[in-house]
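The block underneath contains the structure these notes are about, expressed in structure tokens.
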Number of protein chains: 2
Amino acid sequence: MEVESRYVAVRHHVEGFPSEDDFEVKKVKVRWTPESGEVLVRNLCLSMDPYQLNRMKRRSASHHAVDGIVPGERIESYGAGEVVASACDEYKEGDVVAGVLGWEDYTLFRPSPAVLMSKLAAAPSGDDLPLSHHLSALGTSGMTAYAGLYEVCRPERGEKVFVSAAAGSVGSLVGQFAKLAGCYVVGCAGTNAKVDLVKNKLGFDDAFNYKEEPDMRAALKRYFPDGIDIYFDNVGGETLEAALATMNTYGRVALCGVISEYTDAGGRPAAPDLLEVIYKRITIRGFFAWDFLARFGEFGGVVGDWIRRGKVQVVEDVSDGLESVPSAFTALFRGENIGKKIVKLA
Amino acid sequence: MEVESRYVAVRHHVEGFPSEDDFEVKKVKVRWTPESGEVLVRNLCLSMDPYQLNRMKRRSASHHAVDGIVPGERIESYGAGEVVASACDEYKEGDVVAGVLGWEDYTLFRPSPAVLMSKLAAAPSGDDLPLSHHLSALGTSGMTAYAGLYEVCRPERGEKVFVSAAAGSVGSLVGQFAKLAGCYVVGCAGTNAKVDLVKNKLGFDDAFNYKEEPDMRAALKRYFPDGIDIYFDNVGGETLEAALATMNTYGRVALCGVISEYTDAGGRPAAPDLLEVIYKRITIRGFFAWDFLARFGEFGGVVGDWIRRGKVQVVEDVSDGLESVPSAFTALFRGENIGKKIVKLA
């Protein structure tokens with residue numbers, strides 16, 4: 001079988017802020033044969049993840065963990081799709097799957113643990129929820145929030161949790177998960193519409209627009225008169241320093257992304273006060289969702305159930321068509337998305 | 001009973017580098033009565049610890065954890081001494097004890113968990129080793145090294161360990177403990193005499209003088225061609241940044257003190273590359289020895305045994321007489337001590 005496919009590539013390595021001109025849509029014929037051992041998937045929706053920008057750089061600390069992206073070549077990405085041809089028993093035509101696919105119409109994959117591919121009909125999260133949720137609350141963003149909060153931060157009932165980028169794909173879930181764990185939760189975000197969403201739809205105890213706070217330490221002291229126990233950091237910089245200054249003894253900081261540093265957006269990198277870290281015995285830990293893969297089944301079951309029972313709201317920001325990938329992806333770095341950015345394919 | 005005693009006080013709050021002029025020796029009469037419930041100790045040796053400088057500041061992150069020192073008043077300090085009068089059953093005249101005493105000839109204490117007082121004859125470490133060892137390898141420095149390495153860093157056989165301030169009271173033990181755990185260990189220090197001690201007496205695999213290395217990252221890449229798994233940090237700044245850059249996935253950084261930041265010695269504070277922390281899933285953790293008090297008995301037994309069997313060398317730098325406390329203490333910040341700085345009283 002041979003299909004016409006399109007894929008999105010970078011024209012060259014991307015340093016600093018990305019622009020739509022850095023991308024191109026290329027055409028290719030994808031050939032599948034019964035002898036190949038491969039599965040052919042027609043992609044239905046694609047996950048837009050800020051960390052992909054690090055992969056597009058010539059050099060990045062990210063290359064320790066994930067391969068760099070080669071200009072002109074296809075870009076692997078978490079996504080969901082439908083099997084249209086399969087040369088192995090585990091998958092058959094019509095199966096709906098989520099896992100590592102690509103920014104393209106069709107993906108060929110060979111079953112292996114590395115592709116993290118799950119069949120939704122058999123997944124603990126079930127297949128009755130919207131497909132896009134498997135890229136947001138039930139996908140990498142959800143698993144990042146779940147593992148980051150429950151494994152890295154280990155909240156106790158009554159603890160005080162601060163979430164930056166609180167209206168983002170991960171932050172919006174971290175805050176809701178922390179509320180379910182009995183915590184007091186305050187988020188910050190960069191527009192009043194995001195603050196309103198976080199407070200009024202997602203049920204955070206409070207939220208504020210950091211652009212309206214000239215002094216982040218003063219703001220945090222106001223929102224956390226009893227100090228911060230857990231800081232789920234998505235931004236680094238001055239916000240991280242201020243959170244450490246407001247933190248209680250045995251505080252925990254989870255780091256899963258620092259979007260401002262992906263773009264070298266300027267802004268001073270964080271210089272955490274190490275005396276605060278020592279005297280308050282603070283732990284700062286970088287992590288990936290996939291370090292906790294053993295809990296992925298449990299995660300899908302628990303969070304799927306929370307969504308069905310209305311205990312967790314899923315916020316998605318959807319664009320249409322493969323050709324919208326460059327604008328959808330670059331919008332992440334302008335803070336334009338609310339919740340998880342997803343591209344649906346026709 | 002009333003005894004003439006002298007104590008060392010600060011004349012005023014101390015900011016920046018301390019000098020001997022910041023201190024004074026004062027006289028006082030110490031009165032003990034059988035009705036007081038107190039124990040009177042004649043101090044025999046005193047521990048000189050850099051963190052005391054933070055307590056001498058008007059404001060410091062240390063005040064979250066330990067009380068500030070009031071100018072003119074006595075200064076609590078870990079030490080060892082002999083009971084000369086006791087109004088409680090647990091202690092009797094002649095008992096030799098180690099715990100929280102003071103920079104003074106005589107200390108009155110009331111038994112409580114806060115004073116961490118142990119009778120050496122009954123201690124797991126025994127009382128056959130030199131008394132000063134109970135302030136160094138068997139005291140707070142040893143416990144910091146032991147808990148920091150085994151609890152915070154959790155080394156596995158074959159892992160690569162970097163220790164800064166490697167000839168210091170804590171670093172000299174961390175490196176030896178890491179060798180006993182089967183690790184490859186490299187230390188850095190600020191004089192060639194210290195480097196020689198660390199390599200040739202303490203058995204580190206290698207060591208270097210950081211003052212002779214214009215490029216710390218290049219130095220670490222040379223000493224750690226396979227990367228660093230564990231960094232026991234005593235200095236912060238550029239060394240911490242370079243260690244993170246050289247670190248392997250799942251690396252661990254233990255922070256128990258940042259002597260350069262105690263004195264605001266200049267030198268840029270560390271701005272750790274958060275992308276390194278995330279993509280390598282590094283954990284940075286501040287800690288105190290006393291957070292692991294439950295292991296103090298085990299620690300004393302194990303390390304006492306290592307010392308008796310010659311598996312751990314104890315390096316001490318001893319001054320004589322209470323009047324030498326100001327010069328002994330201030331020498332810590334000029335890097336003049338080798339190993340644990342102790343003041344023996346007459």
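In the structure tokens, the first chain shown is A, the next is B, and so on; residue numbers restart at 1 for each chain, and ligands run from 1 in the order shown.
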
Determine which residues of range 56-143 of chain B DSSP labels as strand (DSSP E or B) from the backbone of this structure, then write them out as a list in words. Glu76, Ser77, Tyr78, Gly79, Ala80, Gly81, Glu82, Val83, Val84, Ala85, Ser86, Val96, Val97, Ala98, Gly99, Val100, Leu101, Gly102, Glu104, Tyr106, Thr107, Leu108, Phe109, Ser118 and Lys119 of chain B

Find the residues in chain A near chain B: any atom within 7 Å counts, using only C-alpha atoms. Write them as a ChimeraX atom specification. /A:61-62,64-65,255-257,269-272,275-287

Export of the given selection (N, CA, C and O atoms) as a compact mmCIF listing (two decimals), in the first residue's frame:
# COMPACT_ATOMS: atom_id res chain seq x y z
N ALA A 61 20.70 21.23 25.80
CA ALA A 61 20.74 20.23 26.88
C ALA A 61 19.72 19.13 26.62
O ALA A 61 19.86 18.01 27.09
N SER A 62 18.69 19.44 25.84
CA SER A 62 17.65 18.44 25.57
C SER A 62 18.20 17.25 24.80
O SER A 62 17.66 16.15 24.86
N HIS A 64 20.60 15.51 25.41
CA HIS A 64 20.96 14.41 26.31
C HIS A 64 19.85 13.37 26.35
O HIS A 64 20.07 12.21 26.68
N ALA A 65 18.61 13.84 26.15
CA ALA A 65 17.46 13.00 26.46
C ALA A 65 16.65 12.62 25.22
O ALA A 65 16.10 11.52 25.16
N LEU A 255 10.43 20.69 38.42
CA LEU A 255 10.79 21.39 37.18
C LEU A 255 10.56 20.46 36.01
O LEU A 255 11.23 19.43 35.90
N CYS A 256 9.63 20.81 35.13
CA CYS A 256 9.47 19.96 33.94
C CYS A 256 9.62 20.74 32.66
O CYS A 256 9.63 20.18 31.58
N GLY A 257 9.75 22.08 32.78
CA GLY A 257 9.92 22.86 31.57
C GLY A 257 10.12 24.31 31.95
O GLY A 257 9.62 24.75 32.97
N PRO A 269 18.33 34.45 33.88
CA PRO A 269 18.08 33.09 34.36
C PRO A 269 18.04 33.10 35.89
O PRO A 269 18.62 33.98 36.52
N ALA A 270 17.34 32.13 36.46
CA ALA A 270 17.20 32.09 37.91
C ALA A 270 18.55 31.87 38.58
O ALA A 270 19.34 31.04 38.13
N ALA A 271 18.82 32.63 39.64
CA ALA A 271 19.97 32.37 40.51
C ALA A 271 19.39 32.07 41.89
O ALA A 271 19.29 32.96 42.73
N PRO A 272 18.97 30.83 42.10
CA PRO A 272 18.28 30.50 43.36
C PRO A 272 19.18 30.79 44.55
O PRO A 272 20.38 30.54 44.48
N LEU A 275 21.29 29.56 50.08
CA LEU A 275 21.10 29.53 51.54
C LEU A 275 19.65 29.20 51.88
O LEU A 275 19.38 28.49 52.85
N GLU A 276 18.72 29.72 51.08
CA GLU A 276 17.31 29.34 51.28
C GLU A 276 17.15 27.83 51.06
O GLU A 276 16.46 27.14 51.81
N VAL A 277 17.78 27.33 50.00
CA VAL A 277 17.64 25.90 49.66
C VAL A 277 18.19 25.04 50.80
O VAL A 277 17.59 24.04 51.19
N ILE A 278 19.32 25.46 51.37
CA ILE A 278 19.93 24.68 52.44
C ILE A 278 19.12 24.79 53.73
O ILE A 278 18.70 23.79 54.31
N TYR A 279 18.92 26.04 54.17
CA TYR A 279 18.32 26.21 55.50
C TYR A 279 16.87 25.75 55.56
O TYR A 279 16.38 25.36 56.60
N LYS A 280 16.18 25.81 54.41
CA LYS A 280 14.81 25.29 54.40
C LYS A 280 14.77 23.84 53.93
O LYS A 280 13.70 23.27 53.80
N ARG A 281 15.95 23.28 53.63
CA ARG A 281 16.04 21.87 53.17
C ARG A 281 15.06 21.63 52.02
O ARG A 281 14.19 20.74 52.07
N ILE A 282 15.24 22.45 50.98
CA ILE A 282 14.36 22.38 49.81
C ILE A 282 14.94 21.38 48.81
O ILE A 282 16.15 21.25 48.66
N THR A 283 14.05 20.67 48.14
CA THR A 283 14.45 19.79 47.04
C THR A 283 13.95 20.37 45.72
O THR A 283 12.78 20.70 45.60
N ILE A 284 14.87 20.51 44.76
CA ILE A 284 14.53 20.98 43.41
C ILE A 284 14.80 19.81 42.48
O ILE A 284 15.92 19.29 42.45
N ARG A 285 13.80 19.38 41.74
CA ARG A 285 14.01 18.17 40.95
C ARG A 285 13.47 18.32 39.54
O ARG A 285 12.33 18.70 39.33
N GLY A 286 14.33 18.03 38.57
CA GLY A 286 13.90 17.97 37.17
C GLY A 286 13.38 16.58 36.87
O GLY A 286 13.88 15.60 37.40
N PHE A 287 12.35 16.51 36.04
CA PHE A 287 11.78 15.19 35.75
C PHE A 287 11.08 15.19 34.40
O PHE A 287 10.77 16.24 33.84

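A straight line drawn from CA of Trp290 in chain B to CA of Ser19 in chain B is 28.8 Å long.
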
Filtered DSSP result for range 102-335 of chain B, state helix (DSSP H, G or I), as a PyMOL selection string: chain B and resi 113-115+120-122+131-134+140-153+171-180+192-201+210-212+216-223+237-246+259-262+274-279+289-308+322-334

Nearest residue to Gly148 in chain B from the set B:Gly175, B:Leu131, B:Arg6, B:Arg74 (distances using only C-alpha atoms):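 Looking at the shortest contact to Gly148 in chain B, the residue is B:Gly175.
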
Length of the CA of Lys26 in chain A to CA of Cys88 in chain A vector [Å]: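 Between these atoms lies a distance of 28.6 Å.
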
Between A:Trp32, A:Phe232, A:Phe329, A:Tyr7, which has the minimum distance to Ala145 in chain A (counting only C-alpha atoms)?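 Going through A:Trp32, A:Phe232, A:Phe329, A:Tyr7 one by one, the smallest distance to Ala145 in chain A is for A:Phe232.
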
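With only C-alpha atoms as the atoms that count, the residue of A:Val14, A:Val174, A:Ala121, A:Leu244 with the shortest distance to Asp264 in chain A is A:Val14.
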